[in-house]
Every structure is written in structure tokens, then in C-alpha cells.
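So this one's start09.tsv, TSV, C-alpha atoms and all ligand atoms:
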```tsv
chain	number	residue	atom	x	y	z
A	1	MET	CA	140.62	43.47	111.04
A	2	SER	CA	140.38	46.95	109.57
A	3	GLY	CA	142.24	49.94	110.96
A	4	ASN	CA	139.14	51.79	112.06
A	5	LEU	CA	137.89	49.16	114.52
A	6	ILE	CA	137.56	50.21	118.16
A	7	ASP	CA	138.71	47.14	120.08
A	8	GLY	CA	136.42	47.08	123.11
A	9	LYS	CA	137.93	43.83	124.32
A	10	GLN	CA	141.38	45.36	124.45
A	11	VAL	CA	140.25	48.62	126.09
A	12	ALA	CA	138.23	46.59	128.61
A	13	ALA	CA	141.24	44.39	129.40
A	14	ARG	CA	143.31	47.52	130.04
A	15	LEU	CA	140.61	48.97	132.30
A	16	ARG	CA	140.41	45.68	134.23
A	17	ASN	CA	144.17	45.88	134.69
A	18	ASP	CA	143.84	49.46	135.98
A	19	VAL	CA	141.16	48.18	138.37
A	20	ALA	CA	143.47	45.38	139.57
A	21	VAL	CA	146.29	47.87	140.18
A	22	ALA	CA	143.93	50.13	142.12
A	23	VAL	CA	142.65	47.20	144.19
A	24	LYS	CA	146.25	46.31	145.15
A	25	SER	CA	146.84	49.86	146.32
A	26	LEU	CA	143.89	49.77	148.74
A	27	ALA	CA	144.11	48.67	152.35
A	28	VAL	CA	140.76	46.89	151.96
A	29	THR	CA	139.52	44.42	149.36
A	30	PRO	CA	136.34	45.70	147.66
A	31	THR	CA	133.40	43.28	147.59
A	32	LEU	CA	130.73	42.98	144.91
A	33	ALA	CA	127.45	41.23	145.75
A	34	VAL	CA	125.42	39.83	142.87
A	35	VAL	CA	121.77	38.88	143.32
A	36	LEU	CA	120.44	36.43	140.75
A	37	VAL	CA	116.82	35.30	140.89
A	38	GLY	CA	115.63	32.35	138.80
A	39	ASP	CA	117.32	30.20	136.19
A	40	ASP	CA	117.45	32.24	132.99
A	41	PRO	CA	120.48	30.66	131.23
A	42	ALA	CA	121.71	33.94	129.70
A	43	SER	CA	121.62	35.64	133.12
A	44	HIS	CA	123.61	32.80	134.62
A	45	VAL	CA	126.30	33.20	131.95
A	46	TYR	CA	126.48	36.97	132.53
A	47	VAL	CA	126.69	36.57	136.29
A	48	ARG	CA	129.37	33.89	136.03
A	49	ASN	CA	131.45	36.27	133.87
A	50	LYS	CA	130.97	39.17	136.26
A	51	ILE	CA	132.09	37.05	139.19
A	52	LYS	CA	135.05	35.62	137.27
A	53	PHE	CA	136.33	39.11	136.39
A	54	THR	CA	135.65	40.41	139.91
A	55	ARG	CA	137.95	37.73	141.32
A	56	GLU	CA	140.51	38.16	138.52
A	57	THR	CA	140.88	41.82	139.49
A	58	GLY	CA	141.56	40.85	143.10
A	59	MET	CA	138.16	41.68	144.57
A	60	ASN	CA	135.74	39.58	146.60
A	61	SER	CA	132.41	38.51	145.23
A	62	VAL	CA	129.41	37.17	147.06
A	63	GLU	CA	126.64	35.57	145.10
A	64	GLN	CA	123.02	35.33	146.25
A	65	ARG	CA	121.21	32.83	144.05
A	66	LEU	CA	117.50	32.70	144.73
A	67	PRO	CA	114.96	30.31	143.18
A	68	ALA	CA	112.60	31.61	140.48
A	69	ASP	CA	109.60	31.50	142.82
A	70	THR	CA	111.22	33.72	145.48
A	71	SER	CA	108.76	36.37	146.67
A	72	GLU	CA	109.33	40.05	145.99
A	73	ASP	CA	109.52	40.65	149.74
A	74	ALA	CA	112.26	38.05	150.08
A	75	VAL	CA	114.31	39.68	147.31
A	76	VAL	CA	113.84	43.04	149.02
A	77	GLU	CA	115.02	41.48	152.31
A	78	THR	CA	118.12	40.13	150.53
A	79	VAL	CA	118.95	43.62	149.23
A	80	ARG	CA	118.40	45.13	152.68
A	81	ALA	CA	120.75	42.60	154.26
A	82	LEU	CA	123.45	43.49	151.69
A	83	ASN	CA	122.86	47.22	152.36
A	84	ALA	CA	123.43	46.56	156.07
A	85	ASP	CA	126.56	44.44	155.54
A	86	PRO	CA	129.56	46.79	155.98
A	87	ASP	CA	131.80	44.41	154.02
A	88	VAL	CA	129.68	44.75	150.85
A	89	ASP	CA	130.70	47.69	148.63
A	90	GLY	CA	128.63	47.06	145.51
A	91	ILE	CA	125.23	45.46	144.91
A	92	LEU	CA	124.10	44.28	141.49
A	93	VAL	CA	120.63	42.82	141.03
A	94	GLN	CA	120.77	40.96	137.73
A	95	LEU	CA	117.95	41.95	135.38
A	96	PRO	CA	115.47	40.89	134.21
A	97	LEU	CA	113.82	39.64	137.40
A	98	PRO	CA	111.01	37.07	137.14
A	99	ASP	CA	107.65	38.54	136.07
A	100	HIS	CA	106.04	38.39	139.51
A	101	ILE	CA	108.69	40.72	140.95
A	102	ASN	CA	108.51	44.51	140.58
A	103	SER	CA	112.08	45.40	139.53
A	104	ASN	CA	111.56	49.06	140.34
A	105	ARG	CA	110.72	48.27	143.94
A	106	VAL	CA	113.77	46.03	144.32
A	107	ILE	CA	116.15	48.53	142.70
A	108	ALA	CA	114.75	51.34	144.86
A	109	GLU	CA	115.92	49.39	147.91
A	110	ILE	CA	119.60	49.41	146.87
A	111	ASP	CA	121.75	51.77	148.94
A	112	PRO	CA	122.75	54.45	146.36
A	113	ASP	CA	126.32	54.37	147.68
A	114	LYS	CA	126.46	50.66	146.74
A	115	ASP	CA	124.53	51.07	143.46
A	116	VAL	CA	127.26	49.90	141.06
A	117	ASP	CA	124.74	49.69	138.19
A	118	GLY	CA	123.83	53.36	138.71
A	119	LEU	CA	120.14	52.48	138.45
A	120	THR	CA	118.61	54.02	141.58
A	121	GLU	CA	116.72	57.32	141.55
A	122	VAL	CA	119.43	58.87	143.72
A	123	SER	CA	122.17	57.81	141.28
A	124	ALA	CA	120.14	59.19	138.36
A	125	GLY	CA	119.57	62.44	140.27
A	126	ARG	CA	123.25	62.80	141.12
A	127	LEU	CA	124.12	62.32	137.43
A	128	LEU	CA	121.55	64.89	136.32
A	129	LEU	CA	122.74	67.39	138.93
A	130	GLY	CA	126.43	66.81	138.16
A	131	LYS	CA	127.12	65.54	141.68
A	132	SER	CA	129.57	62.75	142.33
A	133	GLY	CA	128.00	59.30	142.37
A	134	LEU	CA	127.97	55.96	140.63
A	135	ARG	CA	127.26	56.20	136.88
A	136	PRO	CA	125.61	53.45	134.78
A	137	CYS	CA	128.15	51.03	133.30
A	138	THR	CA	127.26	50.85	129.60
A	139	PRO	CA	127.11	54.66	129.18
A	140	THR	CA	130.45	55.01	131.00
A	141	GLY	CA	131.93	52.40	128.66
A	142	CYS	CA	130.74	54.44	125.68
A	143	VAL	CA	132.46	57.59	126.98
A	144	ILE	CA	135.72	55.71	127.59
A	145	LEU	CA	135.66	54.24	124.06
A	146	ALA	CA	134.89	57.63	122.49
A	147	LYS	CA	137.73	59.33	124.40
A	148	GLU	CA	140.05	56.48	123.51
A	149	THR	CA	139.31	57.20	119.84
A	150	LEU	CA	138.92	60.99	119.70
A	151	GLY	CA	140.68	62.31	122.80
A	152	ASP	CA	138.95	65.42	124.18
A	153	LEU	CA	135.28	65.34	123.20
A	154	THR	CA	134.61	69.07	123.73
A	155	GLY	CA	132.33	70.54	121.09
A	156	LYS	CA	131.65	67.26	119.29
A	157	HIS	CA	128.10	66.59	118.18
A	158	CYS	CA	126.96	63.38	119.83
A	159	VAL	CA	123.72	61.78	118.65
A	160	VAL	CA	122.29	59.06	120.91
A	161	ILE	CA	119.54	56.96	119.31
A	162	GLY	CA	117.28	55.69	122.08
A	163	ARG	CA	115.93	57.24	125.27
A	164	SER	CA	115.90	54.30	127.65
A	165	ILE	CA	116.45	54.82	131.35
A	166	LEU	CA	119.20	52.20	131.34
A	167	VAL	CA	121.25	53.51	128.42
A	168	GLY	CA	119.92	56.35	126.22
A	169	LYS	CA	119.24	59.03	128.83
A	170	PRO	CA	122.32	58.49	131.00
A	171	THR	CA	124.54	58.23	127.91
A	172	ALA	CA	123.30	61.62	126.73
A	173	LEU	CA	124.04	63.15	130.15
A	174	LEU	CA	127.53	61.65	130.34
A	175	PHE	CA	128.47	63.00	126.89
A	176	LEU	CA	127.03	66.38	127.90
A	177	GLU	CA	129.37	66.24	130.91
A	178	GLN	CA	132.20	65.79	128.38
A	179	ASN	CA	131.16	69.12	126.79
A	180	CYS	CA	129.54	67.51	123.76
A	181	THR	CA	126.57	68.98	121.93
A	182	VAL	CA	124.06	66.20	122.51
A	183	THR	CA	120.98	65.15	120.55
A	184	ILE	CA	118.72	62.38	121.82
A	185	ALA	CA	116.96	60.82	118.83
A	186	HIS	CA	114.29	58.13	119.14
A	187	SER	CA	111.54	56.26	117.34
A	188	ARG	CA	109.48	59.44	116.86
A	189	THR	CA	112.36	61.58	115.59
A	190	GLU	CA	111.63	63.10	112.18
A	191	ASN	CA	114.28	62.65	109.48
A	192	LEU	CA	116.22	60.29	111.74
A	193	SER	CA	118.87	59.43	109.14
A	194	ILE	CA	119.60	63.12	108.51
A	195	VAL	CA	119.85	63.86	112.24
A	196	CYS	CA	122.28	60.95	112.61
A	197	ARG	CA	124.34	62.14	109.68
A	198	GLY	CA	125.11	65.30	111.66
A	199	ALA	CA	126.85	63.27	114.37
A	200	ASP	CA	130.57	63.28	115.06
A	201	ILE	CA	129.80	60.53	117.58
A	202	LEU	CA	126.83	58.26	116.82
A	203	ILE	CA	125.55	55.98	119.56
A	204	PRO	CA	122.68	53.68	118.58
A	205	ALA	CA	121.07	52.10	121.66
A	206	VAL	CA	117.80	50.78	120.32
A	207	GLY	CA	117.90	47.00	120.07
A	208	ARG	CA	117.08	46.74	116.38
A	209	PRO	CA	119.50	44.63	114.36
A	210	ASN	CA	121.21	46.42	111.43
A	211	MET	CA	119.00	49.53	111.70
A	212	VAL	CA	121.73	52.12	111.09
A	213	LYS	CA	122.74	52.22	107.43
A	214	ALA	CA	125.78	53.71	105.67
A	215	ASP	CA	123.93	56.88	104.65
A	216	TRP	CA	123.10	57.64	108.33
A	217	ILE	CA	126.78	58.15	109.05
A	218	LYS	CA	128.92	61.22	108.44
A	219	ALA	CA	132.19	60.25	106.72
A	220	GLY	CA	134.81	59.77	109.42
A	221	ALA	CA	132.34	59.71	112.35
A	222	CYS	CA	132.93	57.65	115.48
A	223	VAL	CA	130.22	54.98	115.79
A	224	ILE	CA	129.66	53.29	119.15
A	225	ASP	CA	127.12	50.51	118.76
A	226	VAL	CA	125.33	49.67	122.02
A	227	GLY	CA	122.92	47.18	120.46
A	228	ILE	CA	123.41	43.51	121.32
A	229	ASN	CA	120.89	41.54	119.24
A	230	ARG	CA	120.84	37.80	118.77
A	231	ILE	CA	119.70	36.92	115.24
A	232	GLU	CA	119.28	33.62	113.43
A	233	ASP	CA	122.25	32.42	111.42
A	234	ALA	CA	121.97	28.95	109.93
A	235	SER	CA	125.70	28.95	109.09
A	236	ARG	CA	126.59	28.93	112.82
A	237	LYS	CA	126.66	25.81	114.95
A	238	SER	CA	124.49	27.57	117.55
A	239	GLY	CA	122.06	28.68	114.84
A	240	THR	CA	122.38	32.30	116.04
A	241	ARG	CA	124.87	35.15	116.15
A	242	LEU	CA	125.14	38.55	117.82
A	243	VAL	CA	124.80	41.77	115.83
A	244	GLY	CA	124.54	45.42	116.84
A	245	ASP	CA	122.08	48.13	115.84
A	246	VAL	CA	124.45	49.15	113.05
A	247	ASP	CA	124.64	47.43	109.68
A	248	PHE	CA	128.34	46.87	110.24
A	249	ALA	CA	129.31	45.74	106.73
A	250	GLU	CA	127.79	48.91	105.23
A	251	ALA	CA	128.85	51.31	107.96
A	252	GLU	CA	132.45	50.25	108.50
A	253	PRO	CA	133.86	51.78	105.27
A	254	VAL	CA	132.16	55.14	106.02
A	255	ALA	CA	132.97	55.45	109.73
A	256	GLY	CA	136.26	56.86	110.96
A	257	ALA	CA	136.05	54.45	113.89
A	258	ILE	CA	133.45	51.85	114.82
A	259	THR	CA	132.86	49.30	117.58
A	260	PRO	CA	132.16	45.70	116.56
A	261	VAL	CA	129.46	43.54	118.16
A	262	PRO	CA	130.49	41.39	119.92
A	263	GLY	CA	133.76	42.82	121.22
A	264	GLY	CA	132.76	46.47	121.53
A	265	VAL	CA	130.63	48.01	124.24
A	266	GLY	CA	129.71	44.67	125.92
A	267	PRO	CA	133.12	43.95	127.48
A	268	MET	CA	133.33	47.60	128.57
A	269	THR	CA	130.07	47.26	130.50
A	270	ILE	CA	131.57	44.57	132.72
A	271	ALA	CA	134.88	46.41	133.12
A	272	CYS	CA	132.97	49.54	134.20
A	273	LEU	CA	131.05	47.47	136.77
A	274	LEU	CA	134.40	46.46	138.30
A	275	ARG	CA	135.56	50.09	138.18
A	276	ASN	CA	132.35	51.17	139.93
A	277	THR	CA	132.92	48.58	142.65
A	278	VAL	CA	136.33	50.13	143.42
A	279	LEU	CA	134.87	53.66	143.24
A	280	ALA	CA	132.10	52.63	145.67
A	281	ALA	CA	134.60	51.02	148.06
A	282	CYS	CA	136.68	54.22	148.04
A	283	ALA	CA	133.80	56.69	148.31
A	284	ARG	CA	132.25	54.78	151.22
A	285	ARG	CA	135.53	55.18	153.10
A	286	GLY	CA	136.17	58.78	152.11
A	287	LEU	CA	139.11	57.81	149.89
A	288	ALA	CA	139.99	59.64	146.65
A	289	VAL	CA	139.43	58.05	143.22
A	290	PRO	CA	142.51	55.84	142.67
A	291	ASP	CA	145.03	56.72	139.94
A	292	GLY	CA	144.08	55.32	136.58
A	293	LEU	CA	140.33	55.11	137.29
A	294	ALA	CA	139.43	58.75	136.63
A	295	ILE	CA	137.80	59.35	133.23
B	1	LIG	N1	121.65	44.62	136.74
B	1	LIG	C1	122.08	44.41	135.50
B	1	LIG	N2	123.14	45.08	135.04
B	1	LIG	C2	123.62	44.86	133.78
B	1	LIG	O1	124.61	45.51	133.35
B	1	LIG	C3	122.97	43.88	132.97
B	1	LIG	C4	121.88	43.19	133.52
B	1	LIG	N3	121.46	43.48	134.75
B	1	LIG	N4	121.22	42.26	132.78
B	1	LIG	C5	121.68	41.89	131.46
B	1	LIG	C6	122.39	43.02	130.77
B	1	LIG	C7	123.23	42.61	129.62
B	1	LIG	N5	124.60	42.98	129.93
B	1	LIG	C8	125.70	42.66	129.16
B	1	LIG	C9	127.00	42.82	129.61
B	1	LIG	C10	128.07	42.41	128.84
B	1	LIG	C11	127.88	41.84	127.61
B	1	LIG	C12	129.05	41.37	126.84
B	1	LIG	O2	130.17	41.37	127.30
B	1	LIG	N6	128.84	40.89	125.61
B	1	LIG	C13	129.86	40.33	124.76
B	1	LIG	C14	129.36	39.08	124.06
B	1	LIG	C15	128.83	38.05	124.96
B	1	LIG	C16	128.23	36.88	124.19
B	1	LIG	O3	128.91	36.37	123.30
B	1	LIG	O4	127.09	36.51	124.52
B	1	LIG	C17	130.26	41.32	123.71
B	1	LIG	O5	129.45	42.19	123.36
B	1	LIG	O6	131.37	41.22	123.20
B	1	LIG	C18	126.59	41.69	127.14
B	1	LIG	C19	125.52	42.11	127.91
B	1	LIG	C20	124.61	43.53	131.17
B	1	LIG	N7	123.37	43.60	131.68
```
Please express the file's structure as C-alpha cells.
Ligand SMILES: Nc1nc(=O)c2c([nH]1)NC[C@@H]1CN(c3ccc(C(=O)N[C@@H](CCC(=O)O)C(=O)O)cc3)C=[N+]21
Amino acid sequence: MSGNLIDGKQVAARLRNDVAVAVKSLAVTPTLAVVLVGDDPASHVYVRNKIKFTRETGMNSVEQRLPADTSEDAVVETVRALNADPDVDGILVQLPLPDHINSNRVIAEIDPDKDVDGLTEVSAGRLLLGKSGLRPCTPTGCVILAKETLGDLTGKHCVVIGRSILVGKPTALLFLEQNCTVTIAHSRTENLSIVCRGADILIPAVGRPNMVKADWIKAGACVIDVGINRIEDASRKSGTRLVGDVDFAEAEPVAGAITPVPGGVGPMTIACLLRNTVLAACARRGLAVPDGLAI
């Protein structure tokens, strides 16, 4: 491995350890509830991992598995029951939901104080207004990795490619909170490569394999690749492999630091979910943010 790799697996393992230490220090055991509707195999793998890590960090997990033909009303009722359960600190509704269910309606039902994905309107509003609240996991993971690499981010030019509600917009706001100068670039941005080349921190979050080329990157820049794209690869047993939005082979020699895919932002997303579960458990009880979990 080259010296400029940002090891997301290692940083995530450290954060999970910090979470475990924080959990031990609490008088209560935080509980994460995961709602999984249907039988999408990828979703089942993700949920299994989330539950495994939740238990490894000393927390409780409750799993609500519902069949694919569950009605929207029934999913809403499930969320309401978890809202009302005082033992549940965090609620995660695994996305995507089956086509006949309106995800927005289901997410809107989640108690914002239990919204460990940071997806509700109230969570988004709190982030925009700079109020305390639960922040989305992938964007938080990006900030932690950038600070791990660069230290204080004040004054750095951060270019986020992508304006999604899940990643692009909240990522821009979180880096603004770190006193960065933030540009949100997207599919309609003119001279995209030149805009990106101005970045001290470049964060592609588009979902297009190998889109970001070497000449989009300022020499020495920190590149945090949010893309997780499965592409065909006949040389693999599975016939596929994961790549990011960055053409890694080209970009790696130019970047000062760069996250691989897999092993970059992905593991941080799950670690930040665990962190949010502890933060939710503390905030609901009026407790301060535990040592080691502040950003
Ligand atoms: N309510 C909700 N919240 C989510 O946060 C959420 C979701 N639904 N639905 C699906 C997406 C996807 N997602 C990932 C998390 C970790 C990895 C991850 O750890 N990836 C590994 C590789 C895993 C592999 O090999 O397949 C890595 O990048 O190293 C990937 C994807 C969270 N999501």
C-alpha cells in the first residue's frame, strides 16, 4: 500500500473502539432498532453488518424484519411503535424500501431524536441552522477522515461533487461547519474538472465509476471518494468488484491523500451510525457527549 492512502477501515475500527469505551461509561446500554422490509440480498448483508458491529460495541440491537409485501401503513406503525418504546435510542429504516412504499412518508415518521441516519426534515433543519442534532453518517465519516489527514480544516477549499439529499448537501454543510470554503459541484457545473482542481479537499459523491481523472486533482489534495459502484470484472470469482467515483490508479500518484474503495468511506458510515446511536442515547437523557466521540 502507498503512503498516501487514508485507511478508512483502521479509522473506523478506532472509532468503534471509542464508541465501545463510551458505551461502557454509560449507566444505560444504548439500543439501535433496524427496520428491514423485503429480501434484497445486499440490504440483508448491510443490516447484518450493522447489527454485528452494534453488538460488538456493547450495544443492544433490535431487528424488525418485515416481508416485501408489507403495507406502507404497517411500516409506519412499526416506526411509531419504535418511537414510543423508551428503550429504543436509534431507529434506522434500511433503504431502499420496496417500490410500493413511499420512503419519504416512512422517514418523516421517525422521531428526530432517534434519527441516527440524520434523514428527517428536523435533522436536516438542525444541521442547516447549526443546532445540535443527529448528522448523516456518510458525511460525518468524510469529515472525520479529512481531519484525520489534514488536522484543522479551517480555510481549506472543499469541493463536493454531487448535491444529493443523502450525501452531497449535508457533506457541504458539515465542511462549512469546519470553516471550509465549500463549493457544491454537480452534473450541470461548467468546467467541472477546473473547479475540482481548485480543491484542497475533493469529495466525489456521484455514483459514476472512475469519473474523476488525474487532471481534476490539485497536486497534494486530499481526495475522499464517497462513490461505491459495483462494476463487472471477469477476473474476479464473483464477476464484479467495487470501485469509487475516482479513477484510483490515475489519481493516487497526484493526490496527497486518498481513500480507497472499498476500505474508505464505507466502513466509516457504519462506525458513524454506532456513534450516532450513543449520541442519541445521551442526548435523550440530557447527558453530555462522551469523551472521544466529539469531532
Ligand atoms: N437507512 C439507510 N442508511 C444507510 O446508511 C444506508 C442505507 N439505508 N442503505 C444502503 C446504504 C449503503 N450503505 C453502506 C454502508 C457501508 C458500506 C461499506 O462498509 N462498504 C465496504 C464494502 C462492502 C462490500 O464489500 O460490499 C467498503 O466500502 O469498504 C457500504 C454501503 C449504507 N446505506
Expected selection as a ChimeraX atom specification for ligand LIG 1 (chain B) within 8 Å, all atoms listed in the file
/A:8-9,42-43,46,92-96,117,137-138,228,242,261-270,273
Residues within 9 Å of Val21 (chain A), only C-alpha atoms, excluding chain neighbours under 5 positions, as a ChimeraX atom specification
/A:16,57-58,291-292
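For the pair CA of Asp113 (chain A) and CA of Ile165 (chain A), the interatomic distance is 19.1 Å.
For the pair CA of His157 (chain A) and CA of Lys213 (chain A), the interatomic distance is 18.7 Å.
Interatomic distance, CA of Thr154 (chain A) against CA of Leu173 (chain A): 13.7 Å.
Remark: for Leu129 (chain A), the closest of the candidate residues A:Leu174, A:Ala294, A:Val278, A:Val62 is A:Leu174 (distances computed over all atoms listed in the file).
Of the residues under consideration (A:Val223, A:Asp245, A:Val182, A:Ile91), A:Asp245 shows the shortest atom-to-atom contact distance to Pro209 (chain A) when counting all atoms listed in the file.
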Between A:Gly38, A:Gly118, A:Gly141, A:Pro98, which is the closest to Ile224 (chain A) once you count only C-alpha atoms?
A:Gly141
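Near (121.1, 58.3, 105.7), the residues that fall inside 7 Å on the basis of all atoms listed in the file are Ser193, Ile194, Arg197, Lys213, Ala214, Asp215, Trp216 and Ile217 of chain A.
Comparing A:Ile184, A:Val37, A:Ile107, A:Ala146 by their smallest distance to Val79 (chain A), the closest is A:Ile107 (using only C-alpha atoms).
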Distance cut-off 8 Å, centre (139.2, 47.5, 139.8) in file coordinates, counting all atoms listed in the file: which residues qualify? Return them as a count of residues only.
18
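Considering the residues A:Ile295, A:Cys282, A:Gln64, A:Asp99 and counting only C-alpha atoms, Phe175 (chain A) has its shortest atom-to-atom contact with A:Ile295.
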Excluding Ala249 (chain A) and residues on its chain fewer than 4 positions from it, collect all residues at most 12 Å away from it, counting only C-alpha atoms, and give them as a ChimeraX atom specification.
/A:2,210,212-214,243-245,253-255,258-261
Nearest-residue call for Leu192 (chain A), choices A:Cys180, A:Val226, A:Met211, A:Ala283, using all atoms listed in the file
A:Met211
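Residues within 12 Å of Gly155 (chain A), counting only C-alpha atoms and excluding same-chain residues fewer than 6 positions away, are A:Phe175, A:Leu176, A:Glu177, A:Gln178, A:Asn179, A:Cys180, A:Thr181, A:Val182, A:Ala199, A:Asp200, A:Ile201.
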